[in-house]
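*Asks:* Could you have a look at this structure, given as structure tokens, before my questions?
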Amino acid sequence: MGYSSVMQKIVVTGDASKQIVKSIEVKTADQELTLLELLQKHDLPIASSCLGDGVCQKCITSSKLITCQIKVKDLMGQKSDVFIAFEYL
């Protein structure tokens with residue numbers, strides 16, 4: 001029924017701290033959220049001032065991924081863990 005026994009995670013790291021800031025288990029309900037929405041849901045201090053329009057680009061990761069413009073399901077693909085980093089964390 002579309003259920004995967006492998007729990008997928010998004011691991012957030014900081015370039016400044018060189019630490020894992022948070023590891024988030026991605027639930028089925030999270031798949032339709034943008035990455036920004038998921039990170040904010042888990043109380044991560046991700047900057048954004050354009051309300052998800054992709055204009056301010058404050059929510060950009062170190063690898064130049066604009067978090068408000070990508071859905072969690074598109075980011076995850078077949079990977080079990082996705083690592084993203086932010087310069088200021």
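So you can find residues: chains in the structure tokens are A, B, ... in the order shown, residues in each start at 1, and ligands are numbered from 1 in order.
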Would you mind listing what lies within 12 Å of Val11 of chain A as a short mmCIF file (atom, residue, chain, number, x, y, z; two decimals) with N, CA and C atoms, in the first residue's frame, with only C-alpha atoms counted and same-chain residues fewer than 3 positions away left out?

*Replies:*
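Generated file (selection.cif):
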data_model
loop_
_atom_site.label_atom_id
_atom_site.label_comp_id
_atom_site.auth_asym_id
_atom_site.auth_seq_id
_atom_site.Cartn_x
_atom_site.Cartn_y
_atom_site.Cartn_z
N GLN A 8 12.61 7.44 6.28
CA GLN A 8 13.44 8.45 5.63
C GLN A 8 13.65 9.61 6.59
N GLY A 14 24.94 22.37 10.27
CA GLY A 14 25.37 23.76 10.17
C GLY A 14 26.79 23.85 9.69
N GLN A 19 28.05 20.81 13.10
CA GLN A 19 27.28 19.88 13.93
C GLN A 19 25.96 19.51 13.24
N ILE A 20 25.42 18.37 13.63
CA ILE A 20 24.05 18.03 13.24
C ILE A 20 23.13 18.86 14.14
N VAL A 21 22.30 19.66 13.52
CA VAL A 21 21.39 20.53 14.25
C VAL A 21 20.12 19.76 14.61
N LYS A 22 19.62 18.99 13.65
CA LYS A 22 18.41 18.21 13.88
C LYS A 22 18.30 17.11 12.84
N SER A 23 17.76 15.98 13.26
CA SER A 23 17.44 14.88 12.37
C SER A 23 15.93 14.70 12.41
N ILE A 24 15.29 14.82 11.25
CA ILE A 24 13.83 14.80 11.17
C ILE A 24 13.38 13.55 10.44
N GLU A 25 12.57 12.72 11.11
CA GLU A 25 11.97 11.57 10.45
C GLU A 25 10.81 12.08 9.60
N VAL A 26 10.82 11.75 8.32
CA VAL A 26 9.81 12.25 7.39
C VAL A 26 8.62 11.30 7.38
N LEU A 35 10.05 22.01 1.83
CA LEU A 35 11.12 21.77 2.79
C LEU A 35 11.14 22.86 3.86
N LEU A 38 8.47 22.15 6.46
CA LEU A 38 8.87 21.04 7.33
C LEU A 38 9.90 21.51 8.36
N LEU A 39 10.88 22.28 7.92
CA LEU A 39 11.91 22.76 8.84
C LEU A 39 11.32 23.69 9.90
N HIS A 42 9.45 21.94 12.61
CA HIS A 42 10.34 21.33 13.60
C HIS A 42 11.20 22.38 14.31
N LEU A 44 13.08 24.88 13.47
CA LEU A 44 14.41 25.28 13.02
C LEU A 44 14.35 26.74 12.55
N MET A 76 13.24 13.84 -1.36
CA MET A 76 13.57 12.54 -0.81
C MET A 76 13.88 11.50 -1.89
N SER A 80 17.25 7.20 1.70
CA SER A 80 16.74 7.05 3.05
C SER A 80 17.10 8.25 3.91
N ASP A 81 18.23 8.89 3.66
CA ASP A 81 18.64 10.07 4.41
C ASP A 81 19.07 11.16 3.44
N VAL A 82 18.62 12.38 3.68
CA VAL A 82 19.03 13.53 2.90
C VAL A 82 19.70 14.50 3.87
N PHE A 83 20.91 14.93 3.53
CA PHE A 83 21.64 15.87 4.36
C PHE A 83 21.58 17.25 3.72
N ILE A 84 21.16 18.24 4.51
CA ILE A 84 21.17 19.61 4.04
C ILE A 84 21.91 20.46 5.06
N ALA A 85 22.58 21.49 4.59
CA ALA A 85 23.37 22.34 5.47
C ALA A 85 23.01 23.80 5.25
N PHE A 86 23.12 24.56 6.32
CA PHE A 86 22.92 25.99 6.27
C PHE A 86 24.18 26.66 6.79
#

*Asks:* Might you pull out every residue within 6 Å of Gln31 of chain A, with only C-alpha atoms counted and same-chain residues fewer than 3 positions away left off, and present them as a list in words?

*Replies:*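 Near Gln31 of chain A, the qualifying residues are Thr28, Val72 and Lys73 of chain A.
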
*Asks:* One number please: atom CA of Cys59 of chain A to atom CA of Gln40 of chain A, in Å, one decimal.

*Replies:* 10.7 Å

*Asks:* Among chain A, which residues does DSSP mark as strand (DSSP E or B) when it is run on the backbone? Keep the chain and numbering as in the structure and answer as a list in words.

*Replies:* Lys9, Ile10, Val11, Val12, Thr13, Gly14, Ile20, Val21, Lys22, Ser23, Ile24, Glu25, Thr34, Ile60, Ile66, Lys71, Asp81, Val82, Phe83, Ile84, Ala85 and Phe86 of chain A

*Asks:* Report the distance between atom CA of Lys64 of chain A and atom CA of Ala16 of chain A in Å, rounded to one decimal place.

*Replies:*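 The value is 16.0 Å.
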
*Asks:* Contacts of segment 47-56 of chain A at 10 Å or less, counting only C-alpha atoms, minus same-chain residues fewer than 5 places along, as a compact mmCIF listing (two decimals) with all heavy atoms, in the first residue's frame?

*Replies:*
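File written: selection-v6.txt
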# COMPACT_ATOMS: atom_id res chain seq x y z
N THR A 34 6.48 21.92 1.74
CA THR A 34 7.76 22.36 1.20
C THR A 34 8.81 22.04 2.25
O THR A 34 8.49 21.86 3.44
CB THR A 34 7.78 23.86 0.87
OG1 THR A 34 7.66 24.60 2.10
CG2 THR A 34 6.70 24.24 -0.12
N LEU A 36 10.90 24.10 3.46
CA LEU A 36 10.84 25.20 4.42
C LEU A 36 9.76 24.96 5.46
O LEU A 36 9.99 25.13 6.67
CB LEU A 36 10.62 26.54 3.72
CG LEU A 36 10.47 27.76 4.63
CD1 LEU A 36 11.73 28.01 5.44
CD2 LEU A 36 10.11 28.99 3.81
N GLU A 37 8.57 24.57 5.03
CA GLU A 37 7.47 24.31 5.96
C GLU A 37 7.83 23.20 6.95
O GLU A 37 7.53 23.30 8.14
CB GLU A 37 6.20 23.94 5.20
CG GLU A 37 5.60 25.07 4.40
CD GLU A 37 4.52 24.63 3.43
OE1 GLU A 37 4.52 23.46 2.97
OE2 GLU A 37 3.65 25.48 3.12
N GLN A 40 10.41 24.56 9.48
CA GLN A 40 9.76 25.47 10.42
C GLN A 40 8.86 24.69 11.39
O GLN A 40 8.78 25.02 12.57
CB GLN A 40 8.97 26.54 9.69
CG GLN A 40 9.87 27.54 9.00
CD GLN A 40 9.11 28.54 8.14
OE1 GLN A 40 8.01 28.28 7.65
NE2 GLN A 40 9.71 29.71 7.94
N ILE A 66 16.73 26.22 -2.70
CA ILE A 66 15.78 27.16 -2.12
C ILE A 66 14.67 26.34 -1.47
O ILE A 66 13.85 25.73 -2.15
CB ILE A 66 15.22 28.13 -3.18
CG1 ILE A 66 16.37 28.91 -3.84
CG2 ILE A 66 14.22 29.09 -2.54
CD1 ILE A 66 15.94 29.77 -4.99
N THR A 67 14.65 26.32 -0.14
CA THR A 67 13.79 25.39 0.59
C THR A 67 12.30 25.64 0.41
O THR A 67 11.50 24.72 0.56
CB THR A 67 14.12 25.39 2.09
OG1 THR A 67 13.86 26.68 2.64
CG2 THR A 67 15.57 25.01 2.33
N CYS A 68 11.91 26.86 0.08
CA CYS A 68 10.48 27.14 -0.10
C CYS A 68 9.97 26.71 -1.48
O CYS A 68 8.78 26.76 -1.74
CB CYS A 68 10.19 28.62 0.14
SG CYS A 68 10.92 29.74 -1.08
N GLN A 69 10.87 26.29 -2.34
CA GLN A 69 10.49 25.95 -3.71
C GLN A 69 10.54 24.46 -4.02
O GLN A 69 10.30 24.06 -5.15
CB GLN A 69 11.41 26.70 -4.68
CG GLN A 69 11.30 28.21 -4.59
CD GLN A 69 9.92 28.70 -4.99
OE1 GLN A 69 9.53 28.56 -6.14
NE2 GLN A 69 9.19 29.28 -4.06
N TYR A 88 24.67 29.48 8.30
CA TYR A 88 24.59 30.21 9.55
C TYR A 88 24.24 29.36 10.76
O TYR A 88 24.17 29.87 11.88
CB TYR A 88 23.60 31.37 9.43
CG TYR A 88 22.20 30.95 9.01
CD1 TYR A 88 21.28 30.53 9.95
CD2 TYR A 88 21.84 30.98 7.68
CE1 TYR A 88 20.00 30.14 9.57
CE2 TYR A 88 20.57 30.60 7.29
CZ TYR A 88 19.66 30.19 8.23
OH TYR A 88 18.42 29.81 7.84

*Asks:* Between A:Gln57, A:Lys41, A:Asp74, A:Ser62, single out the one closest to Asp15 of chain A, counting only C-alpha atoms.

*Replies:*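 For Asp15 of chain A, the nearest of the given residues is A:Ser62.
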
*Asks:* If you run DSSP over the backbone, which residues in chain A end up alpha helix (DSSP H)? Put them as a list in words.

*Replies:*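 Restricting chain A to alpha helix (DSSP H) produces Leu35, Leu36, Glu37, Leu38, Leu39, Gln40, Lys41, Val72, Lys73, Asp74, Leu75 and Met76 of chain A.
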
*Asks:* In Å, rounded to a single decimal, give me how far atom CA of Ala29 of chain A is from atom CA of Pro45 of chain A.

*Replies:*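 Computing the Euclidean distance for atom CA of Pro45 of chain A and atom CA of Ala29 of chain A yields 21.5 Å.
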